[in-house]
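Below is one structure, written out as structure tokens; the observations come after it.
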Amino acid sequence: MRVLGISGSLRRDSHNTELLRAAATLLPSGVEFELYDGLKDIPPYDDDANHAEVAAVVHLKERIAAADAILFATPEYNHSIPGQLKNALDWVSRPLADTPLRKKPVAVIGASTGMFGAVWAQAELRKVLTAIGAKVIDRELPVPMADEIVRDREKLESSGTHSLIVGILAELIEEVQPAKVAA
């Protein structure tokens, strides 16, 4: 089984990317984790170029198609998801009937340096993913004060974030099982 992690942040030292790395260490044995790092390479979505073979978009679609499940981690920008993440999802969703996200189990988590842990961005991202046709887990994991928590294993555990990540990963993996049996 393969889980693809997609961070909505372009920052080199992103808290959300670190959150995905922490999640990767909590996956059960036999589950592979791949961190997608090409978000910065996705050009602005242009419906006129919809059928063009844009290499970065093709690569992202291939990574999503090869995964059994996707774990998104998103920061919150102006109470919503980052533009580059939404842009990438617009590309991936075209054509909608053939999107590799259709019926793909996905979970959304998020971290921010503020008190709310990107809860609005997570809700927005779940809405977008649902519209695209993904099988979205209706559960959130806000990680507030991320600058203090995500890089410190002890704080990650003592804050309860560790066990919440384990729970979301278990639910995500559980969603993959019926899909594999049906295939």
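Identifiers in this document derive from the order of the structure tokens: chains are assigned A, B, ..., residues are numbered from 1 separately in each chain, and ligands are numbered from 1 in order of occurrence.
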Requested in this report: From the DSSP assignment of the backbone, select every residue of segment 12-156 of chain A that is strand (DSSP E), and format the answer as a list in words.
Outcome: Glu32, Phe33, Glu34, Leu35, Tyr36, Ala69, Ile70, Leu71, Phe72, Ala73, Pro105, Val106, Ala107, Val108, Ile109, Gly110, Ala111, Lys135, Val136, Pro142 and Val143 of chain A
Could I get the residues of segment 55-124 of chain A with an atom no further than 9 Å from an atom of segment 42-47 of chain A, each paired with its nearest atom pair and that distance in Å to one decimal, using only C-alpha atoms, sorted by chain and residue number, as CSV?
residue,atom,partner,partner_atom,distance
A:Ala55,CA,A:Ile42,CA,8.7
A:Ala56,CA,A:Ile42,CA,5.5
A:Val57,CA,A:Ile42,CA,6.2
A:Leu60,CA,A:Ile42,CA,8.7
A:Gln84,CA,A:Ile42,CA,7.8
A:Asn87,CA,A:Tyr45,CA,5.9
A:Ala88,CA,A:Ile42,CA,6.3
A:Asp90,CA,A:Tyr45,CA,6.7
A:Trp91,CA,A:Tyr45,CA,6.1
Query raised in the report: What is the atom CA of Leu101 of chain A-atom CA of Met1 of chain A distance in Å, reported with one decimal?
Result: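 Atom CA of Met1 of chain A lies 16.2 Å from atom CA of Leu101 of chain A.
Atom pair atom CA of Ala123 of chain A / atom CA of Ser93 of chain A has a distance of 18.3 Å (rounded to one decimal).
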Query - Computed interatomic separation between atom CA of Ser80 of chain A and atom CA of Ser9 of chain A (Å) - result: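 That distance, rounded to one decimal, is 12.6 Å.
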Which residues of segment 15-116 of chain A come within 7 Å of segment 140-153 of chain A, and for each one, what is the closest pair of atoms and their distance in Å to one decimal, counting only C-alpha atoms, sorted by chain and residue number, as JSON lines?
{"residue": "A:His15", "atom": "CA", "partner": "A:Ala146", "partner_atom": "CA", "distance": 6.3}
{"residue": "A:Glu18", "atom": "CA", "partner": "A:Val150", "partner_atom": "CA", "distance": 6.4}
{"residue": "A:Leu19", "atom": "CA", "partner": "A:Val150", "partner_atom": "CA", "distance": 5.9}
{"residue": "A:Val108", "atom": "CA", "partner": "A:Glu140", "partner_atom": "CA", "distance": 6.4}
{"residue": "A:Ile109", "atom": "CA", "partner": "A:Leu141", "partner_atom": "CA", "distance": 4.9}
{"residue": "A:Gly110", "atom": "CA", "partner": "A:Pro142", "partner_atom": "CA", "distance": 5.4}
{"residue": "A:Ala111", "atom": "CA", "partner": "A:Val143", "partner_atom": "CA", "distance": 4.4}
{"residue": "A:Ser112", "atom": "CA", "partner": "A:Ala146", "partner_atom": "CA", "distance": 5.4}
{"residue": "A:Thr113", "atom": "CA", "partner": "A:Met145", "partner_atom": "CA", "distance": 4.3}
{"residue": "A:Gly114", "atom": "CA", "partner": "A:Met145", "partner_atom": "CA", "distance": 5.4}
{"residue": "A:Met115", "atom": "CA", "partner": "A:Pro144", "partner_atom": "CA", "distance": 4.9}
{"residue": "A:Phe116", "atom": "CA", "partner": "A:Pro144", "partner_atom": "CA", "distance": 5.4}
Save out the residues we just selected, all heavy atoms, as a PDB file, in the first residue's frame.
ATOM      1  N   HIS A  15       5.999  23.935   8.069  1.00  0.00           N
ATOM      2  CA  HIS A  15       5.458  23.149   9.179  1.00  0.00           C
ATOM      3  C   HIS A  15       4.578  22.017   8.653  1.00  0.00           C
ATOM      4  O   HIS A  15       4.542  20.935   9.234  1.00  0.00           O
ATOM      5  CB  HIS A  15       4.639  24.029  10.116  1.00  0.00           C
ATOM      6  CG  HIS A  15       5.418  25.166  10.703  1.00  0.00           C
ATOM      7  ND1 HIS A  15       6.592  24.990  11.398  1.00  0.00           N
ATOM      8  CD2 HIS A  15       5.185  26.497  10.690  1.00  0.00           C
ATOM      9  CE1 HIS A  15       7.050  26.162  11.789  1.00  0.00           C
ATOM     10  NE2 HIS A  15       6.225  27.095  11.361  1.00  0.00           N
ATOM     11  N   GLU A  18       6.725  19.221   7.382  1.00  0.00           N
ATOM     12  CA  GLU A  18       7.240  18.503   8.562  1.00  0.00           C
ATOM     13  C   GLU A  18       6.160  17.630   9.189  1.00  0.00           C
ATOM     14  O   GLU A  18       6.443  16.539   9.677  1.00  0.00           O
ATOM     15  CB  GLU A  18       7.804  19.479   9.590  1.00  0.00           C
ATOM     16  CG  GLU A  18       9.138  20.050   9.199  1.00  0.00           C
ATOM     17  CD  GLU A  18      10.204  18.976   8.974  1.00  0.00           C
ATOM     18  OE1 GLU A  18      10.318  18.041   9.786  1.00  0.00           O
ATOM     19  OE2 GLU A  18      10.921  19.067   7.963  1.00  0.00           O
ATOM     20  N   LEU A  19       4.927  18.118   9.193  1.00  0.00           N
ATOM     21  CA  LEU A  19       3.818  17.334   9.718  1.00  0.00           C
ATOM     22  C   LEU A  19       3.635  16.059   8.894  1.00  0.00           C
ATOM     23  O   LEU A  19       3.397  14.973   9.451  1.00  0.00           O
ATOM     24  CB  LEU A  19       2.542  18.180   9.710  1.00  0.00           C
ATOM     25  CG  LEU A  19       1.320  17.617  10.403  1.00  0.00           C
ATOM     26  CD1 LEU A  19       1.593  17.310  11.865  1.00  0.00           C
ATOM     27  CD2 LEU A  19       0.156  18.593  10.262  1.00  0.00           C
ATOM     28  N   VAL A 108      -7.169  15.099   5.126  1.00  0.00           N
ATOM     29  CA  VAL A 108      -6.628  16.444   5.177  1.00  0.00           C
ATOM     30  C   VAL A 108      -6.255  16.784   6.615  1.00  0.00           C
ATOM     31  O   VAL A 108      -7.062  16.611   7.526  1.00  0.00           O
ATOM     32  CB  VAL A 108      -7.659  17.468   4.652  1.00  0.00           C
ATOM     33  CG1 VAL A 108      -7.122  18.878   4.773  1.00  0.00           C
ATOM     34  CG2 VAL A 108      -8.050  17.160   3.205  1.00  0.00           C
ATOM     35  N   ILE A 109      -5.037  17.259   6.780  1.00  0.00           N
ATOM     36  CA  ILE A 109      -4.568  17.765   8.060  1.00  0.00           C
ATOM     37  C   ILE A 109      -3.960  19.138   7.799  1.00  0.00           C
ATOM     38  O   ILE A 109      -3.767  19.518   6.647  1.00  0.00           O
ATOM     39  CB  ILE A 109      -3.543  16.815   8.729  1.00  0.00           C
ATOM     40  CG1 ILE A 109      -2.310  16.604   7.841  1.00  0.00           C
ATOM     41  CG2 ILE A 109      -4.201  15.466   9.039  1.00  0.00           C
ATOM     42  CD1 ILE A 109      -1.241  15.702   8.452  1.00  0.00           C
ATOM     43  N   GLY A 110      -3.682  19.884   8.855  1.00  0.00           N
ATOM     44  CA  GLY A 110      -3.102  21.200   8.629  1.00  0.00           C
ATOM     45  C   GLY A 110      -2.482  21.779   9.877  1.00  0.00           C
ATOM     46  O   GLY A 110      -2.900  21.478  10.994  1.00  0.00           O
ATOM     47  N   ALA A 111      -1.486  22.596   9.658  1.00  0.00           N
ATOM     48  CA  ALA A 111      -0.772  23.227  10.761  1.00  0.00           C
ATOM     49  C   ALA A 111      -0.612  24.709  10.480  1.00  0.00           C
ATOM     50  O   ALA A 111      -0.468  25.127   9.332  1.00  0.00           O
ATOM     51  CB  ALA A 111       0.605  22.579  10.929  1.00  0.00           C
ATOM     52  N   SER A 112      -0.644  25.488  11.559  1.00  0.00           N
ATOM     53  CA  SER A 112      -0.380  26.910  11.453  1.00  0.00           C
ATOM     54  C   SER A 112       0.294  27.371  12.736  1.00  0.00           C
ATOM     55  O   SER A 112       0.234  26.694  13.758  1.00  0.00           O
ATOM     56  CB  SER A 112      -1.665  27.703  11.208  1.00  0.00           C
ATOM     57  OG  SER A 112      -2.446  27.747  12.383  1.00  0.00           O
ATOM     58  N   THR A 113       0.904  28.519  12.660  1.00  0.00           N
ATOM     59  CA  THR A 113       1.576  29.054  13.846  1.00  0.00           C
ATOM     60  C   THR A 113       0.586  29.750  14.776  1.00  0.00           C
ATOM     61  O   THR A 113       0.946  30.105  15.891  1.00  0.00           O
ATOM     62  CB  THR A 113       2.685  30.042  13.448  1.00  0.00           C
ATOM     63  OG1 THR A 113       2.122  31.077  12.646  1.00  0.00           O
ATOM     64  CG2 THR A 113       3.781  29.332  12.677  1.00  0.00           C
ATOM     65  N   GLY A 114      -0.644  29.934  14.340  1.00  0.00           N
ATOM     66  CA  GLY A 114      -1.667  30.567  15.163  1.00  0.00           C
ATOM     67  C   GLY A 114      -2.402  29.552  16.031  1.00  0.00           C
ATOM     68  O   GLY A 114      -2.017  28.390  16.145  1.00  0.00           O
ATOM     69  N   MET A 115      -3.489  29.997  16.609  1.00  0.00           N
ATOM     70  CA  MET A 115      -4.248  29.177  17.558  1.00  0.00           C
ATOM     71  C   MET A 115      -5.253  28.213  16.919  1.00  0.00           C
ATOM     72  O   MET A 115      -5.776  27.347  17.600  1.00  0.00           O
ATOM     73  CB  MET A 115      -5.010  30.092  18.529  1.00  0.00           C
ATOM     74  CG  MET A 115      -4.117  30.883  19.462  1.00  0.00           C
ATOM     75  SD  MET A 115      -3.119  29.818  20.535  1.00  0.00           S
ATOM     76  CE  MET A 115      -4.392  29.024  21.489  1.00  0.00           C
ATOM     77  N   PHE A 116      -5.516  28.362  15.624  1.00  0.00           N
ATOM     78  CA  PHE A 116      -6.591  27.569  15.047  1.00  0.00           C
ATOM     79  C   PHE A 116      -6.143  26.387  14.198  1.00  0.00           C
ATOM     80  O   PHE A 116      -6.954  25.582  13.782  1.00  0.00           O
ATOM     81  CB  PHE A 116      -7.542  28.476  14.262  1.00  0.00           C
ATOM     82  CG  PHE A 116      -8.196  29.508  15.129  1.00  0.00           C
ATOM     83  CD1 PHE A 116      -7.825  30.837  15.032  1.00  0.00           C
ATOM     84  CD2 PHE A 116      -9.141  29.152  16.073  1.00  0.00           C
ATOM     85  CE1 PHE A 116      -8.401  31.790  15.844  1.00  0.00           C
ATOM     86  CE2 PHE A 116      -9.720  30.092  16.895  1.00  0.00           C
ATOM     87  CZ  PHE A 116      -9.353  31.424  16.788  1.00  0.00           C
TER      88      PHE A 116
END
Requested in this report: Would you mind telling me which residue in A:Leu39, A:Ala107, A:Ile70, A:Val92 lies nearest to Val58 of chain A when using only C-alpha atoms?
Outcome: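 Closest to Val58 of chain A, using only C-alpha atoms: A:Val92.
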Report summary line: With distances taken over only C-alpha atoms, the candidate from A:Ser158, A:Lys40, A:Ala67, A:Leu129 nearest Arg12 of chain A is A:Lys40
Report summary line: Leu89 of chain A proximity check over A:Ala66, A:Leu35, A:Ile168, A:Ala131, using only C-alpha atoms: winner is A:Ala131
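With only C-alpha atoms as the atoms that count, the residue of A:Asp41, A:Asp138, A:Glu53, A:Asp98 with the shortest distance to Ala65 of chain A is A:Asp98.
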**Report entry** Polymer residues at most 7 Å from Glu76 of chain A, only C-alpha atoms, same-chain spacing of 5 or more positions, as a PyMOL selection string
**Finding:** chain A and resi 81-82+112+118+121
